[in-house]
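Shown here: work-v6.tsv, TSV, C-alpha atoms.
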chain	number	residue	atom	x	y	z
A	255	MET	CA	-42.67	21.21	31.94
A	256	THR	CA	-43.85	18.51	34.27
A	257	GLU	CA	-41.84	15.35	34.96
A	258	ARG	CA	-43.33	11.87	35.18
A	259	PRO	CA	-43.47	10.84	38.79
A	260	ASN	CA	-42.40	7.29	37.92
A	261	ALA	CA	-40.44	6.19	34.82
A	262	ARG	CA	-40.65	2.44	35.56
A	263	PRO	CA	-43.63	1.68	33.25
A	264	ASP	CA	-41.78	3.15	30.22
A	265	ALA	CA	-38.70	1.10	31.06
A	266	ARG	CA	-40.78	-2.07	31.28
A	267	ARG	CA	-42.43	-1.37	27.91
A	268	ALA	CA	-39.06	-0.75	26.28
A	269	LYS	CA	-37.76	-4.03	27.71
A	270	VAL	CA	-40.80	-5.93	26.39
A	271	ARG	CA	-40.38	-4.40	22.93
A	272	ARG	CA	-36.69	-5.31	22.95
A	273	HIS	CA	-37.45	-8.93	23.88
A	274	ARG	CA	-40.16	-9.10	21.18
A	275	ARG	CA	-37.70	-7.89	18.53
A	276	GLU	CA	-35.15	-10.43	19.68
A	277	ARG	CA	-37.72	-13.26	19.40
A	278	GLN	CA	-38.71	-12.07	15.92
A	279	ILE	CA	-35.08	-12.01	14.82
A	280	ILE	CA	-34.58	-15.58	16.11
A	281	VAL	CA	-37.80	-16.88	14.46
A	282	PHE	CA	-37.03	-15.28	11.09
A	283	GLY	CA	-33.45	-16.50	11.28
A	284	VAL	CA	-34.58	-20.09	11.88
A	285	LEU	CA	-37.07	-19.84	9.00
A	286	LEU	CA	-34.39	-18.56	6.64
A	287	VAL	CA	-32.10	-21.45	7.62
A	288	LEU	CA	-34.92	-23.98	6.99
A	289	VAL	CA	-35.75	-22.44	3.60
A	290	ALA	CA	-32.10	-22.51	2.60
A	291	PHE	CA	-31.79	-26.17	3.70
A	292	ALA	CA	-34.94	-27.12	1.78
A	293	GLY	CA	-33.56	-25.46	-1.35
A	294	VAL	CA	-30.24	-27.30	-1.10
A	295	PHE	CA	-32.04	-30.62	-0.47
A	296	ALA	CA	-34.41	-30.14	-3.43
A	297	ALA	CA	-31.49	-29.30	-5.71
A	298	GLY	CA	-29.70	-32.46	-4.59
A	299	VAL	CA	-32.75	-34.60	-5.31
A	300	TYR	CA	-33.15	-32.98	-8.72
A	301	ARG	CA	-29.51	-33.69	-9.63
A	302	GLY	CA	-29.74	-37.22	-8.24
A	303	ASP	CA	-27.10	-36.59	-5.57
A	304	VAL	CA	-29.63	-37.16	-2.78
A	305	GLU	CA	-32.32	-39.85	-2.57
A	306	GLY	CA	-35.78	-38.35	-2.32
A	307	PRO	CA	-38.28	-39.11	0.43
A	308	PHE	CA	-40.46	-41.19	-1.95
A	309	SER	CA	-38.82	-44.43	-3.05
A	310	GLN	CA	-41.73	-45.65	-5.21
A	311	ALA	CA	-43.18	-44.10	-8.34
A	312	PHE	CA	-46.68	-42.71	-8.28
A	313	VAL	CA	-48.65	-45.32	-10.21
A	314	THR	CA	-52.28	-46.31	-10.46
A	315	PRO	CA	-52.89	-49.90	-9.29
A	316	ALA	CA	-53.53	-52.11	-12.32
A	317	GLY	CA	-56.89	-53.25	-10.97
A	318	ALA	CA	-58.08	-49.66	-10.55
A	319	PHE	CA	-57.06	-48.43	-14.00
A	320	GLU	CA	-59.78	-47.77	-16.56
A	321	SER	CA	-59.45	-46.25	-20.03
A	322	ASP	CA	-61.13	-46.23	-23.43
A	323	VAL	CA	-57.74	-46.32	-25.14
A	324	THR	CA	-57.16	-49.65	-26.92
A	325	LEU	CA	-54.02	-48.84	-28.92
A	326	VAL	CA	-50.87	-50.48	-27.58
A	327	CYS	CA	-47.71	-48.39	-27.48
A	328	PRO	CA	-44.55	-49.86	-28.99
A	329	PRO	CA	-41.85	-50.66	-26.41
A	330	ALA	CA	-39.94	-47.56	-25.39
A	331	SER	CA	-37.08	-46.59	-27.72
A	332	SER	CA	-37.65	-49.70	-29.85
A	333	THR	CA	-36.88	-49.93	-33.57
A	334	GLN	CA	-38.12	-52.23	-36.30
A	335	VAL	CA	-37.69	-55.98	-36.09
A	336	LYS	CA	-35.64	-57.53	-38.87
A	337	HIS	CA	-38.19	-58.57	-41.49
A	338	SER	CA	-36.93	-62.14	-41.67
A	339	ASN	CA	-37.88	-62.44	-37.98
A	340	VAL	CA	-41.50	-61.39	-38.55
A	341	GLY	CA	-44.13	-64.00	-39.43
A	342	VAL	CA	-47.37	-62.76	-41.03
A	343	ARG	CA	-50.63	-64.29	-42.18
A	344	VAL	CA	-52.36	-62.28	-44.91
A	345	LEU	CA	-56.17	-62.42	-45.00
A	346	ASN	CA	-58.46	-60.95	-47.64
A	347	GLY	CA	-61.42	-59.14	-46.12
A	348	THR	CA	-62.80	-58.04	-49.50
A	349	ASP	CA	-64.42	-59.47	-52.64
A	350	THR	CA	-61.31	-58.72	-54.69
A	351	ASN	CA	-59.86	-62.02	-55.84
A	352	GLY	CA	-56.12	-62.54	-55.42
A	353	LEU	CA	-55.62	-59.52	-53.14
A	354	ALA	CA	-54.06	-61.49	-50.29
A	355	GLY	CA	-51.69	-63.32	-52.64
A	356	ALA	CA	-50.51	-60.10	-54.27
A	357	VAL	CA	-49.80	-58.43	-50.92
A	358	ALA	CA	-48.13	-61.59	-49.64
A	359	ASP	CA	-45.78	-61.53	-52.64
A	360	ASP	CA	-44.91	-57.90	-51.91
A	361	LEU	CA	-44.23	-58.65	-48.24
A	362	GLU	CA	-42.10	-61.67	-49.14
A	363	SER	CA	-40.06	-59.47	-51.48
A	364	ARG	CA	-39.28	-57.40	-48.37
A	365	TYR	CA	-38.15	-60.59	-46.56
A	366	PHE	CA	-41.17	-60.98	-44.27
A	367	VAL	CA	-42.04	-64.61	-43.53
A	368	VAL	CA	-45.52	-65.20	-44.99
A	369	VAL	CA	-47.08	-68.12	-43.12
A	370	SER	CA	-50.25	-68.35	-45.22
A	371	THR	CA	-52.79	-66.41	-47.31
A	372	GLU	CA	-56.50	-66.89	-46.69
A	373	ASN	CA	-59.93	-65.31	-47.00
A	374	TRP	CA	-60.95	-63.68	-43.75
A	375	GLY	CA	-64.48	-65.05	-43.79
A	376	ARG	CA	-65.88	-61.59	-43.15
A	377	THR	CA	-65.73	-58.30	-44.98
A	378	TYR	CA	-63.65	-55.40	-43.74
A	379	GLY	CA	-64.58	-51.95	-45.02
A	380	ASP	CA	-61.58	-49.93	-43.89
A	381	TYR	CA	-57.94	-50.00	-44.99
A	382	VAL	CA	-55.82	-52.54	-43.09
A	383	ARG	CA	-56.18	-54.11	-39.67
A	384	LEU	CA	-53.47	-55.98	-37.78
A	385	TYR	CA	-54.08	-58.54	-35.05
A	386	PHE	CA	-51.19	-59.46	-32.77
A	387	GLY	CA	-50.45	-60.69	-29.27
A	388	PRO	CA	-48.50	-59.16	-26.35
A	389	ASP	CA	-45.27	-60.72	-27.65
A	390	GLY	CA	-45.75	-59.35	-31.16
A	391	VAL	CA	-46.10	-55.60	-30.58
A	392	ARG	CA	-42.80	-54.62	-32.22
A	393	GLN	CA	-43.49	-57.04	-35.08
A	394	ALA	CA	-46.93	-55.51	-35.66
A	395	TYR	CA	-45.55	-51.96	-35.75
A	396	THR	CA	-42.84	-53.13	-38.15
A	397	VAL	CA	-45.49	-54.54	-40.50
A	398	ALA	CA	-47.71	-51.45	-40.18
A	399	LEU	CA	-44.95	-49.14	-41.40
A	400	ASN	CA	-45.03	-50.85	-44.79
A	401	PHE	CA	-48.62	-49.81	-45.53
A	402	ASP	CA	-49.15	-46.32	-46.90
A	403	GLY	CA	-52.42	-45.65	-45.11
A	404	GLU	CA	-54.22	-45.84	-41.77
A	405	VAL	CA	-53.65	-49.18	-40.07
A	406	ASP	CA	-55.91	-50.36	-37.24
A	407	MET	CA	-53.84	-52.09	-34.55
A	408	VAL	CA	-55.72	-54.66	-32.44
A	409	LEU	CA	-54.23	-56.55	-29.50
A	410	ASP	CA	-55.58	-60.03	-28.82
A	411	ASN	CA	-54.51	-62.73	-26.39
A	412	ARG	CA	-52.68	-65.02	-28.81
A	413	GLU	CA	-49.36	-66.54	-27.91
A	414	GLY	CA	-46.28	-65.94	-30.03
A	415	THR	CA	-45.39	-63.18	-32.46
A	416	LEU	CA	-47.53	-64.00	-35.51
A	417	VAL	CA	-49.18	-60.92	-37.03
A	418	ASP	CA	-52.48	-61.25	-38.92
A	419	VAL	CA	-52.86	-58.73	-41.75
A	420	ILE	CA	-56.50	-58.07	-42.69
A	421	LEU	CA	-56.89	-56.32	-46.05
A	422	GLY	CA	-59.99	-54.13	-46.32
A	423	ALA	CA	-62.03	-52.44	-49.02
A	424	GLY	CA	-60.07	-49.21	-48.59
A	425	PHE	CA	-56.85	-50.97	-49.46
A	426	ALA	CA	-58.48	-52.84	-52.38
A	427	GLU	CA	-59.54	-49.53	-53.95
A	428	ASP	CA	-56.24	-47.69	-54.05
A	429	GLY	CA	-53.96	-49.09	-51.35
A	430	THR	CA	-50.27	-49.62	-51.88
A	431	LEU	CA	-47.27	-50.59	-49.87
A	432	ARG	CA	-44.99	-47.75	-48.91
A	433	SER	CA	-41.88	-47.37	-51.02
A	434	THR	CA	-38.86	-49.10	-49.55
A	435	LEU	CA	-37.02	-45.78	-49.97
A	436	ASP	CA	-39.49	-43.93	-47.77
A	437	PRO	CA	-37.81	-42.41	-44.67
A	438	GLU	CA	-40.57	-44.01	-42.58
A	439	LEU	CA	-38.91	-47.36	-43.23
A	440	ASP	CA	-35.53	-46.31	-41.87
A	441	THR	CA	-34.49	-49.28	-39.76
A	442	ASP	CA	-32.87	-47.00	-37.17
A	443	ALA	CA	-36.02	-44.92	-36.64
A	444	VAL	CA	-37.74	-45.34	-33.28
A	445	LEU	CA	-41.21	-46.89	-33.50
A	446	SER	CA	-44.08	-44.63	-32.47
A	447	ALA	CA	-47.88	-44.71	-32.32
A	448	ASN	CA	-49.95	-42.28	-34.40
A	449	ALA	CA	-52.57	-41.84	-31.65
A	450	GLU	CA	-52.94	-41.99	-27.89
A	451	CYS	CA	-51.70	-45.36	-26.65
A	452	LEU	CA	-51.02	-47.34	-23.49
A	453	PRO	CA	-48.42	-49.91	-22.44
A	454	VAL	CA	-49.40	-53.45	-23.39
A	455	SER	CA	-49.96	-54.36	-19.72
A	456	LEU	CA	-52.77	-51.77	-19.46
A	457	VAL	CA	-54.72	-52.75	-22.60
A	458	THR	CA	-57.35	-55.48	-22.38
A	459	PRO	CA	-56.78	-57.89	-25.28
A	460	GLU	CA	-59.52	-59.25	-27.51
A	461	PRO	CA	-60.01	-63.02	-27.78
A	462	ALA	CA	-57.65	-64.55	-30.34
A	463	PRO	CA	-58.82	-66.98	-33.05
A	464	ARG	CA	-59.24	-70.52	-31.77
A	465	THR	CA	-56.68	-71.86	-34.21
A	466	LEU	CA	-53.61	-70.13	-35.57
A	467	PRO	CA	-51.09	-71.44	-38.08
A	468	ASP	CA	-47.66	-72.39	-36.82
A	469	ASN	CA	-45.22	-69.54	-37.06
A	470	PRO	CA	-41.78	-70.79	-38.21
A	471	VAL	CA	-40.19	-67.67	-36.73
A	472	ASP	CA	-41.35	-68.64	-33.23
A	473	LYS	CA	-40.28	-72.24	-33.77
A	474	LYS	CA	-36.81	-71.10	-34.78
A	475	LYS	CA	-36.62	-68.86	-31.73
A	476	ASN	CA	-37.73	-71.66	-29.40
A	477	LYS	CA	-35.07	-73.99	-30.79
A	478	LYS	CA	-32.37	-71.41	-30.12
A	479	ASN	CA	-33.60	-70.94	-26.56
A	480	ALA	CA	-33.85	-74.70	-25.90
Translate this file's structure into structure tokens.
Amino acid sequence: MTERPNARPDARRAKVRRHRRERQIIVFGVLLVLVAFAGVFAAGVYRGDVEGPFSQAFVTPAGAFESDVTLVCPPASSTQVKHSNVGVRVLNGTDTNGLAGAVADDLESRYFVVVSTENWGRTYGDYVRLYFGPDGVRQAYTVALNFDGEVDMVLDNREGTLVDVILGAGFAEDGTLRSTLDPELDTDAVLSANAECLPVSLVTPEPAPRTLPDNPVDKKKNKKNA
């Protein structure tokens, strides 16, 4: 058996390997500490104990937002408006005489404030359409619940809370108001849309009629706030 003439190279290699292992242990140890810290920080943010690094919500600038959705969402967690605080104008969009008056009587029996009944001046082939302004979203959803059929909700740029109710051919054929005992009319139920919707600030309103009747509900509200 021959003996290496010089054992120094093996000793140097062993020393290098030992230093490499020590560096690896230090690196992995630091990484484990960082991962543990990140986990604790994330858990704190999730629980609300720690403020996150982003103080502002991720939102699309209003000017850059585009969508084909025109249905306005009701305000979050909102319920019906008391019927005596909802002013409506009922318009007949059909050839059926007396339709607006009959529906107005039914709405008045439910304590809605009927401002007027008129002919729409055009024909409407569907069921019921509601026109309302940005301040009348809850009022419009409150009115819509009373019709037992598909209601088209249209936002326009009117001021105040007046809701225009357009009666169409679909309603003239077999339309009815929903029974007052229907669970849908539970005054504690949260209002909801039946299709995809957007907040009122993100929906482009249609032009409102040039003239609108005075809404006594708004007048009463303005007097209280004066």
With region 454-470 of chain A as the partner and 12 Å as the cut-off, tabulate the residues of region 330-380 of chain A that qualify, each row holding the nearest pair of atoms and their distance in Å to one decimal, using all atoms listed in the file, sorted by chain and rising number, as a Markdown table.
| residue | atom | partner | partner_atom | distance |
| --- | --- | --- | --- | --- |
| A:Ala330 | CA | A:Val454 | CA | 11.3 |
| A:Ser338 | CA | A:Pro470 | CA | 10.5 |
| A:Asn339 | CA | A:Pro470 | CA | 9.2 |
| A:Val340 | CA | A:Asn469 | CA | 9.1 |
| A:Gly341 | CA | A:Asn469 | CA | 6.1 |
| A:Val342 | CA | A:Asn469 | CA | 8.1 |
| A:Arg343 | CA | A:Pro467 | CA | 8.3 |
| A:Val344 | CA | A:Pro467 | CA | 11.5 |
| A:Phe366 | CA | A:Pro470 | CA | 11.5 |
| A:Val367 | CA | A:Pro470 | CA | 8.2 |
| A:Val368 | CA | A:Asn469 | CA | 9.0 |
| A:Val369 | CA | A:Asn469 | CA | 6.5 |
| A:Ser370 | CA | A:Pro467 | CA | 7.8 |
| A:Thr371 | CA | A:Pro467 | CA | 10.6 |
| A:Glu372 | CA | A:Pro467 | CA | 11.1 |
| A:Trp374 | CA | A:Pro463 | CA | 11.4 |
Deliver the residues from the most recent selection as a file, using C-alpha atoms, as a PDB file, in the coordinates of the input.
ATOM      1  CA  ALA A 330     -39.940 -47.560 -25.390  1.00  0.00           C
ATOM      2  CA  SER A 338     -36.930 -62.140 -41.670  1.00  0.00           C
ATOM      3  CA  ASN A 339     -37.880 -62.440 -37.980  1.00  0.00           C
ATOM      4  CA  VAL A 340     -41.500 -61.390 -38.550  1.00  0.00           C
ATOM      5  CA  GLY A 341     -44.130 -64.000 -39.430  1.00  0.00           C
ATOM      6  CA  VAL A 342     -47.370 -62.760 -41.030  1.00  0.00           C
ATOM      7  CA  ARG A 343     -50.630 -64.290 -42.180  1.00  0.00           C
ATOM      8  CA  VAL A 344     -52.360 -62.280 -44.910  1.00  0.00           C
ATOM      9  CA  PHE A 366     -41.170 -60.980 -44.270  1.00  0.00           C
ATOM     10  CA  VAL A 367     -42.040 -64.610 -43.530  1.00  0.00           C
ATOM     11  CA  VAL A 368     -45.520 -65.200 -44.990  1.00  0.00           C
ATOM     12  CA  VAL A 369     -47.080 -68.120 -43.120  1.00  0.00           C
ATOM     13  CA  SER A 370     -50.250 -68.350 -45.220  1.00  0.00           C
ATOM     14  CA  THR A 371     -52.790 -66.410 -47.310  1.00  0.00           C
ATOM     15  CA  GLU A 372     -56.500 -66.890 -46.690  1.00  0.00           C
ATOM     16  CA  TRP A 374     -60.950 -63.680 -43.750  1.00  0.00           C
TER      17      TRP A 374
END
So that all listed atoms of region 446-457 of chain A fit with 3 Å spare on each side, what axis-aligned box centre and edge lengths in Å, to one decimal, would you give as JSON?
{"center_x": -49.4, "center_y": -48.1, "center_z": -26.9, "size_x": 16.6, "size_y": 18.5, "size_z": 20.9}
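Computed from the coordinates, the CA of Ile420 (chain A) to CA of Phe386 (chain A) distance equals 11.3 Å.
Closest to Ala447 (chain A) among A:Asp406, A:Asp418, A:Glu413, A:Asp428 is A:Asp406, based on all atoms listed in the file.
Our summary of the geometry notes that CA of Thr377 (chain A) is positioned 21.1 Å from CA of Val397 (chain A).
Considering the residues A:Asn400, A:Asn351, A:Asn448, A:Gln278 and counting only C-alpha atoms, Ser363 (chain A) has its shortest atom-to-atom contact with A:Asn400.
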| said: When you look at region 347-349 of chain A with a cut-off of 10 Å (counting all atoms listed in the file), what residues show up, excluding the ones that are within fewer than 5 positions of it in the same chain? I need them as a list in words. | reply: Ala354, Glu372, Asn373, Trp374, Gly375, Arg376, Thr377, Tyr378, Gly379, Asp380, Tyr381, Val382, Arg383, Val419, Ile420, Leu421, Gly422, Ala423, Gly424, Phe425 and Ala426 of chain A
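Checking A:Val357, A:Val326, A:Leu431, A:Val289 one by one against Asp410 (chain A), counting all atoms listed in the file, you find the shortest gap at A:Val326.
Separating CA of Asp402 (chain A) from CA of Asp436 (chain A) is a distance of 10.0 Å.
Proximity ranking of A:Pro328, A:Lys336, A:Phe401, A:Tyr365 relative to Asp389 (chain A) places A:Pro328 first, based on all atoms listed in the file.
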